[in-house]
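Student: Sharing start.txt below, compact mmCIF, C-alpha atoms:
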```txt
# COMPACT_ATOMS: atom_id res chain seq x y z
CA MET A 1467 4.92 -19.74 -21.81
CA ASN A 1468 4.30 -23.16 -20.36
CA SER A 1469 0.53 -23.72 -20.51
CA ASN A 1470 0.37 -25.08 -16.96
CA LYS A 1471 1.83 -21.86 -15.55
CA LYS A 1472 -0.60 -19.45 -13.93
CA GLU A 1473 -0.71 -15.70 -13.86
CA VAL A 1474 1.09 -14.63 -10.70
CA MET A 1475 -0.24 -12.17 -8.14
CA LEU A 1476 2.28 -10.80 -5.64
CA VAL A 1477 0.65 -9.82 -2.35
CA VAL A 1478 2.67 -7.93 0.25
CA GLY A 1479 1.41 -7.70 3.82
CA ALA A 1480 -0.75 -10.48 5.27
CA GLY A 1481 -3.45 -8.20 6.67
CA GLN A 1482 -7.19 -7.81 6.25
CA ILE A 1483 -7.08 -5.44 3.26
CA SER A 1484 -4.50 -7.54 1.38
CA MET A 1485 -6.52 -10.68 1.99
CA ALA A 1486 -9.82 -9.08 0.94
CA ILE A 1487 -8.28 -7.93 -2.35
CA ALA A 1488 -6.56 -11.28 -2.95
CA ARG A 1489 -9.82 -13.15 -2.36
CA ARG A 1490 -11.72 -10.81 -4.66
CA CYS A 1491 -9.20 -10.86 -7.51
CA GLY A 1492 -6.91 -13.86 -6.99
CA PHE A 1493 -8.97 -16.91 -7.99
CA GLY A 1494 -7.30 -19.03 -10.67
CA LYS A 1495 -4.00 -17.26 -10.08
CA LYS A 1496 -0.85 -18.24 -8.20
CA ILE A 1497 -0.69 -15.92 -5.21
CA VAL A 1498 2.68 -15.39 -3.54
CA LEU A 1499 2.06 -13.81 -0.15
CA GLY A 1500 4.91 -12.08 1.67
CA ASP A 1501 4.90 -10.76 5.21
CA LYS A 1502 7.56 -9.76 7.72
CA LYS A 1503 6.03 -12.33 10.09
CA LEU A 1504 5.95 -15.72 8.42
CA ASP A 1505 3.24 -16.87 10.85
CA ASN A 1506 0.93 -14.14 9.53
CA ALA A 1507 1.56 -15.23 5.94
CA HIS A 1508 0.96 -18.89 6.84
CA ASN A 1509 -2.30 -18.07 8.65
CA ILE A 1510 -3.74 -16.11 5.71
CA ALA A 1511 -2.47 -18.70 3.21
CA ASP A 1512 -4.12 -21.48 5.22
CA ILE A 1513 -7.49 -19.67 5.28
CA MET A 1514 -7.34 -18.98 1.54
CA ASN A 1515 -6.01 -22.39 0.46
CA LYS A 1516 -8.85 -24.06 2.38
CA ALA A 1517 -11.20 -21.83 0.36
CA GLY A 1518 -9.84 -23.03 -2.97
CA PHE A 1519 -7.11 -20.48 -3.67
CA ASP A 1520 -3.47 -21.25 -4.49
CA VAL A 1521 -1.33 -19.28 -2.04
CA GLU A 1522 2.38 -19.66 -1.31
CA PRO A 1523 3.45 -17.86 1.90
CA MET A 1524 6.94 -16.52 2.43
CA GLU A 1525 8.85 -14.28 4.79
CA MET A 1526 9.47 -10.87 3.23
CA GLU A 1527 10.85 -7.61 4.64
CA LEU A 1528 9.52 -4.53 2.82
CA SER A 1529 12.37 -2.32 4.02
CA SER A 1530 14.97 -4.55 2.27
CA ARG A 1531 15.59 -4.41 -1.48
CA GLU A 1532 17.27 -7.82 -1.27
CA SER A 1533 14.16 -9.32 0.33
CA ILE A 1534 11.90 -7.69 -2.28
CA VAL A 1535 14.01 -9.08 -5.14
CA GLU A 1536 13.90 -12.60 -3.60
CA PHE A 1537 10.13 -12.28 -3.25
CA ILE A 1538 9.76 -11.34 -6.93
CA LYS A 1539 12.01 -14.26 -7.94
CA MET A 1540 9.78 -16.61 -5.98
CA GLY A 1541 6.80 -15.33 -7.96
CA GLN A 1542 8.61 -15.77 -11.26
CA ARG A 1543 9.11 -19.48 -10.53
CA TYR A 1544 5.38 -19.91 -11.11
CA GLY A 1545 4.91 -17.70 -14.18
CA ASP A 1546 4.76 -14.10 -15.32
CA ILE A 1547 4.12 -11.43 -12.69
CA LYS A 1548 0.74 -9.99 -13.69
CA TYR A 1549 -0.57 -8.36 -10.50
CA LEU A 1550 0.78 -6.61 -7.42
CA VAL A 1551 -1.17 -5.90 -4.24
CA ASN A 1552 0.78 -4.02 -1.58
CA GLY A 1553 -1.01 -3.73 1.74
CA ALA A 1554 2.08 -3.75 3.96
CA GLY A 1555 3.19 -1.01 6.32
CA VAL A 1556 3.51 0.07 9.92
CA SER A 1557 1.27 2.57 11.72
CA PRO A 1558 2.21 5.67 13.77
CA SER A 1559 1.49 3.87 17.03
CA GLN A 1560 3.48 0.78 16.04
CA ALA A 1561 6.86 2.11 15.08
CA SER A 1562 9.52 4.82 15.30
CA ILE A 1563 9.91 7.67 12.79
CA GLU A 1564 12.91 5.89 11.29
CA THR A 1565 11.05 2.58 10.87
CA ILE A 1566 7.98 4.24 9.33
CA LEU A 1567 10.17 6.00 6.75
CA LYS A 1568 12.21 2.85 6.03
CA VAL A 1569 9.19 0.57 5.60
CA ASP A 1570 6.25 2.67 4.42
CA LEU A 1571 8.15 5.24 2.34
CA TYR A 1572 11.42 3.68 1.12
CA GLY A 1573 10.18 0.08 1.04
CA THR A 1574 7.07 0.89 -0.98
CA ALA A 1575 9.12 2.96 -3.44
CA VAL A 1576 11.57 0.08 -3.96
CA LEU A 1577 8.74 -2.45 -4.34
CA LEU A 1578 7.01 -0.39 -7.04
CA GLU A 1579 10.34 0.08 -8.80
CA GLU A 1580 11.40 -3.57 -8.70
CA VAL A 1581 8.01 -5.00 -9.70
CA GLY A 1582 7.90 -2.39 -12.47
CA ARG A 1583 10.98 -4.00 -14.00
CA VAL A 1584 9.20 -7.34 -14.49
CA ILE A 1585 5.43 -6.66 -14.61
CA SER A 1586 3.92 -8.33 -17.66
CA ARG A 1587 1.95 -6.65 -20.42
CA GLY A 1588 -1.67 -6.07 -19.37
CA GLY A 1589 -0.62 -6.28 -15.73
CA ALA A 1590 -1.79 -4.03 -12.91
CA GLY A 1591 -0.77 -3.07 -9.42
CA VAL A 1592 -2.45 -1.45 -6.46
CA THR A 1593 -0.77 -0.13 -3.34
CA ILE A 1594 -2.45 1.05 -0.15
CA SER A 1595 -1.63 4.48 1.26
CA SER A 1596 -3.91 6.33 3.72
CA GLN A 1597 -6.32 9.22 4.16
CA SER A 1598 -3.66 10.49 6.58
CA GLY A 1599 -1.54 11.95 3.80
CA TRP A 1600 -4.47 14.15 2.75
CA ARG A 1601 -4.65 16.02 6.06
CA MET A 1602 -1.04 17.14 6.08
CA PRO A 1603 -0.35 20.70 4.92
CA GLN A 1604 0.42 20.89 1.20
CA LEU A 1605 4.06 20.45 0.25
CA THR A 1606 5.76 22.65 -2.32
CA ALA A 1607 5.83 21.50 -5.94
CA GLU A 1608 9.58 20.88 -5.53
CA GLN A 1609 9.03 18.73 -2.43
CA ASP A 1610 6.32 16.69 -4.14
CA ARG A 1611 8.55 16.23 -7.18
CA ALA A 1612 11.43 15.11 -4.96
CA LEU A 1613 9.23 12.51 -3.22
CA ALA A 1614 8.02 11.32 -6.63
CA MET A 1615 11.24 11.17 -8.59
CA THR A 1616 14.29 10.94 -6.33
CA ALA A 1617 16.28 7.74 -6.89
CA THR A 1618 15.12 5.19 -4.34
CA GLU A 1619 18.50 4.84 -2.64
CA GLU A 1620 18.66 8.62 -2.14
CA LEU A 1621 15.08 9.08 -0.89
CA LEU A 1622 15.82 8.88 2.83
CA GLY A 1623 18.51 11.54 2.38
CA LEU A 1624 15.97 14.20 1.35
CA ASP A 1625 15.98 17.24 3.63
CA ILE A 1626 12.21 17.02 4.17
CA LEU A 1627 12.69 13.51 5.63
CA GLN A 1628 15.40 14.36 8.16
CA PRO A 1629 14.45 13.78 11.83
CA HIS A 1630 14.74 17.47 12.75
CA ASN A 1631 12.05 18.26 10.14
CA ILE A 1632 9.58 15.61 11.37
CA LYS A 1633 7.40 16.39 14.39
CA ASP A 1634 6.34 12.88 15.41
CA THR A 1635 5.45 9.42 14.12
CA LEU A 1636 2.10 10.64 12.74
CA HIS A 1637 3.91 13.31 10.69
CA ALA A 1638 6.36 10.64 9.42
CA TYR A 1639 3.41 8.43 8.46
CA GLN A 1640 1.69 11.29 6.62
CA LEU A 1641 4.88 12.03 4.69
CA ALA A 1642 5.28 8.36 3.83
CA LYS A 1643 1.73 8.11 2.51
CA ARG A 1644 2.08 11.34 0.53
CA CYS A 1645 5.25 9.88 -0.96
CA ASN A 1646 3.43 6.63 -1.84
CA GLU A 1647 0.87 8.57 -3.87
CA LYS A 1648 3.49 10.67 -5.68
CA ARG A 1649 5.58 7.57 -6.30
CA VAL A 1650 2.60 5.81 -7.91
CA MET A 1651 2.28 8.74 -10.34
CA TYR A 1652 5.99 8.56 -11.18
CA GLU A 1653 6.19 4.76 -11.48
CA CYS A 1654 2.97 4.43 -13.49
CA VAL A 1655 4.81 6.12 -16.37
CA ARG A 1656 7.49 3.40 -16.29
CA TRP A 1657 4.90 0.65 -15.82
CA GLY A 1658 3.06 2.10 -18.82
CA GLU A 1659 6.11 1.50 -21.00
CA ARG A 1660 5.59 -2.20 -20.28
CA GLY A 1661 1.84 -1.98 -20.98
CA ALA A 1662 0.89 -2.20 -17.31
CA ARG A 1663 -0.98 0.05 -14.87
CA LEU A 1664 -0.41 1.14 -11.27
CA ASN A 1665 -2.80 2.85 -8.84
CA ASP A 1666 -3.24 3.63 -5.17
CA ILE A 1667 -6.06 3.38 -2.64
CA ALA A 1668 -6.08 5.74 0.35
CA PRO A 1669 -8.39 4.15 2.94
CA GLY A 1670 -9.89 5.87 5.92
CA ILE A 1671 -10.52 3.99 9.15
CA ILE A 1672 -10.99 0.33 8.24
CA VAL A 1673 -12.06 -2.24 10.83
CA THR A 1674 -9.16 -4.66 11.29
CA PRO A 1675 -7.64 -6.28 14.40
CA LEU A 1676 -5.14 -3.40 14.51
CA ALA A 1677 -7.90 -0.79 14.25
CA ILE A 1678 -9.86 -2.44 17.05
CA ASP A 1679 -6.73 -2.18 19.20
CA GLU A 1680 -6.55 1.51 18.30
CA PHE A 1681 -10.24 2.06 19.13
CA ASN A 1682 -9.57 0.66 22.61
CA GLY A 1683 -6.24 2.45 23.00
CA PRO A 1684 -5.16 5.96 24.06
CA ARG A 1685 -6.20 7.50 20.72
CA GLY A 1686 -9.48 5.58 20.58
CA ASP A 1687 -11.71 8.60 21.18
CA PHE A 1688 -9.99 10.48 18.35
CA TYR A 1689 -10.76 7.65 15.90
CA LYS A 1690 -14.32 7.14 17.13
CA ASN A 1691 -14.98 10.87 16.77
CA MET A 1692 -13.55 10.78 13.25
CA PHE A 1693 -15.84 8.10 11.94
CA ALA A 1694 -18.85 9.41 13.90
CA LYS A 1695 -18.49 12.85 12.28
CA CYS A 1696 -17.67 11.76 8.73
CA PRO A 1697 -20.57 11.67 6.24
CA ALA A 1698 -20.64 7.85 6.23
CA GLY A 1699 -20.96 7.83 10.04
CA ARG A 1700 -19.03 4.57 10.40
CA PRO A 1701 -15.64 2.99 9.75
CA GLY A 1702 -15.10 1.03 6.53
CA THR A 1703 -14.42 -2.63 5.83
CA ALA A 1704 -11.57 -4.30 4.01
CA ASP A 1705 -14.07 -5.69 1.50
CA GLU A 1706 -15.04 -2.15 0.50
CA MET A 1707 -11.38 -1.52 -0.37
CA ALA A 1708 -11.48 -4.75 -2.40
CA ASN A 1709 -14.41 -3.30 -4.39
CA ILE A 1710 -12.11 -0.50 -5.57
CA ALA A 1711 -9.14 -2.81 -6.16
CA GLU A 1712 -11.33 -5.08 -8.28
CA LEU A 1713 -11.99 -2.16 -10.64
CA LEU A 1714 -8.35 -1.07 -10.66
CA LEU A 1715 -6.95 -4.54 -11.31
CA SER A 1716 -9.48 -5.50 -14.00
CA ASP A 1717 -9.96 -4.52 -17.63
CA ALA A 1718 -12.84 -2.30 -16.49
CA GLY A 1719 -10.14 0.02 -15.11
CA ALA A 1720 -8.02 -0.05 -18.26
CA PHE A 1721 -7.94 3.77 -18.57
CA ILE A 1722 -7.03 4.34 -14.91
CA THR A 1723 -3.36 4.58 -13.97
CA GLY A 1724 -1.32 6.83 -11.69
CA SER A 1725 -4.41 7.62 -9.60
CA THR A 1726 -5.17 7.61 -5.90
CA PHE A 1727 -8.67 6.70 -4.77
CA LEU A 1728 -9.54 8.27 -1.43
CA ALA A 1729 -12.01 5.96 0.33
CA ASP A 1730 -12.55 7.36 3.80
CA GLY A 1731 -16.30 7.77 4.25
CA GLY A 1732 -15.85 11.49 3.68
CA ALA A 1733 -13.58 12.03 6.71
CA THR A 1734 -11.16 14.21 4.73
CA ALA A 1735 -14.05 16.30 3.38
CA SER A 1736 -15.35 16.72 6.92
CA TYR A 1737 -11.86 17.67 8.13
CA TYR A 1738 -11.64 20.53 5.63
CA TYR A 1739 -15.26 21.62 5.29
CA GLY A 1740 -17.35 19.93 7.99
CA PRO A 1741 -17.58 19.11 11.69
CA LEU A 1742 -14.11 17.55 11.84
CA GLN A 1743 -12.42 20.89 11.11
CA PRO A 1744 -9.57 21.33 13.60
```
Go through the file and emit its structure as structure tokens.

Tutor:
Amino acid sequence: MNSNKKEVMLVVGAGQISMAIARRCGFGKKIVLGDKKLDNAHNIADIMNKAGFDVEPMEMELSSRESIVEFIKMGQRYGDIKYLVNGAGVSPSQASIETILKVDLYGTAVLLEEVGRVISRGGAGVTISSQSGWRMPQLTAEQDRALAMTATEELLGLDILQPHNIKDTLHAYQLAKRCNEKRVMYECVRWGERGARLNDIAPGIIVTPLAIDEFNGPRGDFYKNMFAKCPAGRPGTADEMANIAELLLSDAGAFITGSTFLADGGATASYYYGPLQP
């Protein structure tokens, strides 16, 4: 490999969590940052480049395999793909059932698959799911296996994902995040064949511009109650998610792959066994 080439970190989704992880783990690397809104990618790239990082922004649509492949090719121009950080997705209040499934569920599955074809030896990836998938009723072993292993182009055809089986956008989001976690388990086996690792972080309520909108919106009281009654008694920060990603992306996490780290201040525990019980 050309000695002036850097290790490449692909970062999907120009949000607070993606940026926190990229800042924590991306120094000395070439960071290719993709977002559906090019302005978002440019804004984050500008902040980071002025802080001494090397970030190339580009427009990238997570729901499109073609766009994902172009994004990976852009990364390969600079060197071997060593790291993946996927913080992209849409929330239940932002999008329709169809869009949530196409972006959060299908798009993430395709991204993990396509990056898994090229990830270099010793490489590592982390994708962001959500505590939300942990509060949905358990699926059957067959349903979980289908979410994990169905060919990506057949995923959206699964019976469990048909509109008549999905109550609302929150239910679609929960299914998508459950699928993300199962998909990480499935894909980590393929990544392992290349000597690379793949893990997932399931954050609780994290303070971001979007979350602040939610706190002030129609479901604000629901969210405020959730973090007030979780053991931590507060929402989390993007930098706390970066603490976990730093372990997962570094050699210190060399024995960790196919795992999901729930980081929600104990909200899920409180939902099942504490004051947040429904």

Student: Please compute the CA of Leu1578 in chain A-CA of Gly1732 in chain A distance, one decimal, in Å.

Tutor: 27.9 Å

Student: From the set A:Pro1701, A:Pro1675, A:Gly1500, A:Gly1683, which residue has the shortest atom-to-atom contact distance to Glu1536 in chain A, counting all atoms listed in the file?

Tutor: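 Result for the nearest residue to Glu1536 in chain A: A:Gly1500.
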
Student: I need the residue nearest Asp1666 in chain A from this list: A:Gly1591, A:Leu1621, A:Gln1628, A:Arg1543. Use all atoms listed in the file for the distance.

Tutor: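 With all atoms listed in the file as the atom set, the closest residue is A:Gly1591.
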
Student: Measuring atom to atom with only C-alpha atoms, identify which of A:Ala1698, A:Cys1491, A:Ile1510, A:Val1478 is nearest to Asn1552 in chain A.

Tutor: A:Val1478

Student: Point out the residue among A:Phe1688, A:Tyr1639, A:Phe1693, A:Trp1600 with the least atom-to-atom distance to Tyr1738 in chain A, counting all atoms listed in the file.

Tutor: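 Checking each of A:Phe1688, A:Tyr1639, A:Phe1693, A:Trp1600 against Tyr1738 in chain A, counting all atoms listed in the file, the winner is A:Trp1600.
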
Student: If we count all atoms listed in the file and set the cut-off at 9 Å, which residues sit around Thr1734 in chain A, ignoring sequence neighbours fewer than 3 positions away in its own chain? Please answer as a list of chain:residue names.

Tutor: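 In the requested format, the answer is A:Gln1597, A:Ser1598, A:Trp1600, A:Arg1601, A:Gly1670, A:Cys1696, A:Leu1728, A:Asp1730, A:Gly1731, A:Tyr1737, A:Tyr1738, A:Tyr1739, A:Leu1742.
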
Student: What gap, in Å, lies between CA of Val1521 in chain A and CA of Gly1553 in chain A?

Tutor: 16.0 Å

Student: What is the CA of Ala1488 in chain A to CA of Cys1654 in chain A distance in Å?

Tutor: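 Separation between CA of Ala1488 in chain A and CA of Cys1654 in chain A: 21.2 Å.
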
Student: When you count all atoms listed in the file, which of these residues is closest to Asp1570 in chain A: A:Thr1723, A:Gln1640, A:Asn1631, A:Asn1509?

Tutor: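 Of the candidates, the smallest distance to Asp1570 in chain A is held by A:Gln1640.
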
Student: Give me the residues near Leu1504 in chain A as a PyMOL selection string, where near means some atom within 10 Å (using only C-alpha atoms) and where sequence neighbours in that chain fewer than 5 positions away do not count.

Tutor: chain A and resi 1480+1499+1509+1523-1526

Student: May I ask which of the residues A:Pro1741, A:Gly1541, A:Gly1555, A:Gly1582 is the closest one to Tyr1652 in chain A, counting all atoms listed in the file?

Tutor: A:Gly1582

Student: For a cut-off of 7 Å around (-2.3, 10.0, 0.5), file coordinates, pick out all residues using all atoms listed in the file and list them as a ChimeraX atom specification.

Tutor: /A:1595-1600,1643-1644,1647,1668

Student: Generate the output file for the selected residues, C-alpha atoms, as a tab-separated table (two decimals), in the coordinates of the input.

Tutor:
```tsv
chain	number	residue	atom	x	y	z
A	1595	SER	CA	-1.63	4.48	1.26
A	1596	SER	CA	-3.91	6.33	3.72
A	1597	GLN	CA	-6.32	9.22	4.16
A	1598	SER	CA	-3.66	10.49	6.58
A	1599	GLY	CA	-1.54	11.95	3.80
A	1600	TRP	CA	-4.47	14.15	2.75
A	1643	LYS	CA	1.73	8.11	2.51
A	1644	ARG	CA	2.08	11.34	0.53
A	1647	GLU	CA	0.87	8.57	-3.87
A	1668	ALA	CA	-6.08	5.74	0.35
```

Student: Please provide as a VMD selection string all residues within 10 Å of Glu1619 in chain A, with the sequence filter that same-chain residues fewer than 6 positions apart are discarded (counting only C-alpha atoms).

Tutor: chain A and resid 1531 1572 1575 to 1576

Student: Keeping only C-alpha atoms, write the selected residues as an mmCIF file, in the coordinates of the input.

Tutor:
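Output saved as part_7.cif:
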```cif
data_model
loop_
_atom_site.group_PDB
_atom_site.id
_atom_site.type_symbol
_atom_site.label_atom_id
_atom_site.label_comp_id
_atom_site.auth_asym_id
_atom_site.auth_seq_id
_atom_site.Cartn_x
_atom_site.Cartn_y
_atom_site.Cartn_z
ATOM 1 C CA ARG A 1531 15.590 -4.410 -1.480
ATOM 2 C CA TYR A 1572 11.420 3.680 1.120
ATOM 3 C CA ALA A 1575 9.120 2.960 -3.440
ATOM 4 C CA VAL A 1576 11.570 0.080 -3.960
#
```

Student: Using only C-alpha atoms, which protein or nucleic acid residues come within 12 Å of Gly1658 in chain A? Drop anything in the same chain fewer than 3 positions from it, and give the result as a list in words.

Tutor: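 Residues near the query, excluding close chain neighbours: Gly1582, Arg1583, Ile1585, Ser1586, Arg1587, Gly1588, Gly1589, Ala1590, Gly1591, Val1650, Met1651, Tyr1652, Glu1653, Cys1654, Val1655, Gly1661, Ala1662, Arg1663, Leu1664, Asn1665, Ala1720, Phe1721, Ile1722, Thr1723 and Gly1724 of chain A.
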
Student: With all atoms of range 1469-1486 of chain A from the file as input, state the centre and edge lengths in Å to one decimal of the axis-aligned box that has 8 Å extra on each side, as JSON.

Tutor:
```
{"center_x": -3.6, "center_y": -15.3, "center_z": -6.9, "size_x": 28.5, "size_y": 35.6, "size_z": 43.2}
```

Student: So which residues touch Asn1691 in chain A within 12 Å, counting all atoms listed in the file, skipping near sequence neighbours fewer than 4 positions away, as a list in words?

Tutor: Ile1671, Phe1681, Arg1685, Gly1686, Asp1687, Lys1695, Cys1696, Pro1697, Gly1699, Arg1700, Pro1701, Ala1733, Ser1736, Tyr1737, Pro1741, Leu1742 and Gln1743 of chain A

Student: Could you add all heavy atoms to range 1683-1693 of chain A and give me the result as a PDB file, in the coordinates of the input?

Tutor:
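The result, stored in selection.pdb:
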```pdb
ATOM      1  N   GLY A1683      -7.490   1.906  22.486  1.00  0.00           N
ATOM      2  CA  GLY A1683      -6.240   2.450  23.000  1.00  0.00           C
ATOM      3  C   GLY A1683      -6.336   3.923  23.341  1.00  0.00           C
ATOM      4  O   GLY A1683      -7.423   4.509  23.346  1.00  0.00           O
ATOM      5  N   PRO A1684      -5.179   4.558  23.616  1.00  0.00           N
ATOM      6  CA  PRO A1684      -5.160   5.960  24.060  1.00  0.00           C
ATOM      7  C   PRO A1684      -5.719   6.938  23.030  1.00  0.00           C
ATOM      8  O   PRO A1684      -6.217   8.006  23.397  1.00  0.00           O
ATOM      9  CB  PRO A1684      -3.666   6.240  24.315  1.00  0.00           C
ATOM     10  CG  PRO A1684      -2.915   5.107  23.672  1.00  0.00           C
ATOM     11  CD  PRO A1684      -3.838   3.943  23.625  1.00  0.00           C
ATOM     12  N   ARG A1685      -5.664   6.590  21.734  1.00  0.00           N
ATOM     13  CA  ARG A1685      -6.200   7.500  20.720  1.00  0.00           C
ATOM     14  C   ARG A1685      -7.586   7.060  20.237  1.00  0.00           C
ATOM     15  O   ARG A1685      -8.090   7.556  19.230  1.00  0.00           O
ATOM     16  CB  ARG A1685      -5.239   7.588  19.515  1.00  0.00           C
ATOM     17  CG  ARG A1685      -3.925   8.276  19.858  1.00  0.00           C
ATOM     18  CD  ARG A1685      -3.433   9.164  18.729  1.00  0.00           C
ATOM     19  NE  ARG A1685      -3.211   8.409  17.506  1.00  0.00           N
ATOM     20  CZ  ARG A1685      -2.018   7.989  17.084  1.00  0.00           C
ATOM     21  NH1 ARG A1685      -0.938   8.265  17.783  1.00  0.00           N
ATOM     22  NH2 ARG A1685      -1.893   7.317  15.977  1.00  0.00           N
ATOM     23  N   GLY A1686      -8.194   6.142  20.988  1.00  0.00           N
ATOM     24  CA  GLY A1686      -9.480   5.580  20.580  1.00  0.00           C
ATOM     25  C   GLY A1686     -10.567   6.615  20.371  1.00  0.00           C
ATOM     26  O   GLY A1686     -11.315   6.565  19.392  1.00  0.00           O
ATOM     27  N   ASP A1687     -10.655   7.581  21.292  1.00  0.00           N
ATOM     28  CA  ASP A1687     -11.710   8.600  21.180  1.00  0.00           C
ATOM     29  C   ASP A1687     -11.538   9.444  19.924  1.00  0.00           C
ATOM     30  O   ASP A1687     -12.520   9.839  19.286  1.00  0.00           O
ATOM     31  CB  ASP A1687     -11.725   9.508  22.423  1.00  0.00           C
ATOM     32  CG  ASP A1687     -12.248   8.784  23.655  1.00  0.00           C
ATOM     33  OD1 ASP A1687     -12.889   7.724  23.474  1.00  0.00           O
ATOM     34  OD2 ASP A1687     -12.009   9.265  24.777  1.00  0.00           O
ATOM     35  N   PHE A1688     -10.277   9.714  19.569  1.00  0.00           N
ATOM     36  CA  PHE A1688      -9.990  10.480  18.350  1.00  0.00           C
ATOM     37  C   PHE A1688     -10.540   9.744  17.130  1.00  0.00           C
ATOM     38  O   PHE A1688     -11.207  10.337  16.282  1.00  0.00           O
ATOM     39  CB  PHE A1688      -8.471  10.679  18.226  1.00  0.00           C
ATOM     40  CG  PHE A1688      -8.030  11.233  16.897  1.00  0.00           C
ATOM     41  CD1 PHE A1688      -8.128  12.590  16.624  1.00  0.00           C
ATOM     42  CD2 PHE A1688      -7.516  10.396  15.917  1.00  0.00           C
ATOM     43  CE1 PHE A1688      -7.730  13.094  15.400  1.00  0.00           C
ATOM     44  CE2 PHE A1688      -7.106  10.892  14.692  1.00  0.00           C
ATOM     45  CZ  PHE A1688      -7.221  12.251  14.434  1.00  0.00           C
ATOM     46  N   TYR A1689     -10.296   8.432  17.053  1.00  0.00           N
ATOM     47  CA  TYR A1689     -10.760   7.650  15.900  1.00  0.00           C
ATOM     48  C   TYR A1689     -12.276   7.528  15.889  1.00  0.00           C
ATOM     49  O   TYR A1689     -12.916   7.664  14.845  1.00  0.00           O
ATOM     50  CB  TYR A1689     -10.118   6.265  15.902  1.00  0.00           C
ATOM     51  CG  TYR A1689      -8.658   6.304  15.558  1.00  0.00           C
ATOM     52  CD1 TYR A1689      -7.678   5.996  16.505  1.00  0.00           C
ATOM     53  CD2 TYR A1689      -8.228   6.672  14.286  1.00  0.00           C
ATOM     54  CE1 TYR A1689      -6.328   6.051  16.186  1.00  0.00           C
ATOM     55  CE2 TYR A1689      -6.886   6.725  13.961  1.00  0.00           C
ATOM     56  CZ  TYR A1689      -5.945   6.414  14.913  1.00  0.00           C
ATOM     57  OH  TYR A1689      -4.610   6.474  14.601  1.00  0.00           O
ATOM     58  N   LYS A1690     -12.857   7.286  17.068  1.00  0.00           N
ATOM     59  CA  LYS A1690     -14.320   7.140  17.130  1.00  0.00           C
ATOM     60  C   LYS A1690     -15.003   8.440  16.719  1.00  0.00           C
ATOM     61  O   LYS A1690     -16.019   8.433  16.018  1.00  0.00           O
ATOM     62  CB  LYS A1690     -14.740   6.723  18.544  1.00  0.00           C
ATOM     63  CG  LYS A1690     -14.380   5.282  18.868  1.00  0.00           C
ATOM     64  CD  LYS A1690     -14.667   4.967  20.335  1.00  0.00           C
ATOM     65  CE  LYS A1690     -14.182   3.568  20.684  1.00  0.00           C
ATOM     66  NZ  LYS A1690     -14.175   3.336  22.133  1.00  0.00           N
ATOM     67  N   ASN A1691     -14.439   9.568  17.153  1.00  0.00           N
ATOM     68  CA  ASN A1691     -14.980  10.870  16.770  1.00  0.00           C
ATOM     69  C   ASN A1691     -14.879  11.063  15.262  1.00  0.00           C
ATOM     70  O   ASN A1691     -15.789  11.594  14.615  1.00  0.00           O
ATOM     71  CB  ASN A1691     -14.218  11.983  17.494  1.00  0.00           C
ATOM     72  CG  ASN A1691     -14.759  13.365  17.176  1.00  0.00           C
ATOM     73  OD1 ASN A1691     -15.924  13.655  17.401  1.00  0.00           O
ATOM     74  ND2 ASN A1691     -13.906  14.219  16.632  1.00  0.00           N
ATOM     75  N   MET A1692     -13.765  10.604  14.694  1.00  0.00           N
ATOM     76  CA  MET A1692     -13.550  10.780  13.250  1.00  0.00           C
ATOM     77  C   MET A1692     -14.615  10.047  12.445  1.00  0.00           C
ATOM     78  O   MET A1692     -15.221  10.608  11.541  1.00  0.00           O
ATOM     79  CB  MET A1692     -12.163  10.301  12.837  1.00  0.00           C
ATOM     80  CG  MET A1692     -11.874  10.586  11.373  1.00  0.00           C
ATOM     81  SD  MET A1692     -10.270   9.945  10.843  1.00  0.00           S
ATOM     82  CE  MET A1692      -9.165  11.042  11.705  1.00  0.00           C
ATOM     83  N   PHE A1693     -14.854   8.780  12.783  1.00  0.00           N
ATOM     84  CA  PHE A1693     -15.840   8.100  11.940  1.00  0.00           C
ATOM     85  C   PHE A1693     -17.279   8.475  12.300  1.00  0.00           C
ATOM     86  O   PHE A1693     -18.171   8.395  11.466  1.00  0.00           O
ATOM     87  CB  PHE A1693     -15.598   6.584  11.808  1.00  0.00           C
ATOM     88  CG  PHE A1693     -15.734   5.736  13.043  1.00  0.00           C
ATOM     89  CD1 PHE A1693     -16.948   5.530  13.651  1.00  0.00           C
ATOM     90  CD2 PHE A1693     -14.610   5.083  13.574  1.00  0.00           C
ATOM     91  CE1 PHE A1693     -17.066   4.713  14.761  1.00  0.00           C
ATOM     92  CE2 PHE A1693     -14.720   4.257  14.690  1.00  0.00           C
ATOM     93  CZ  PHE A1693     -15.959   4.075  15.287  1.00  0.00           C
TER      94      PHE A1693
END
```
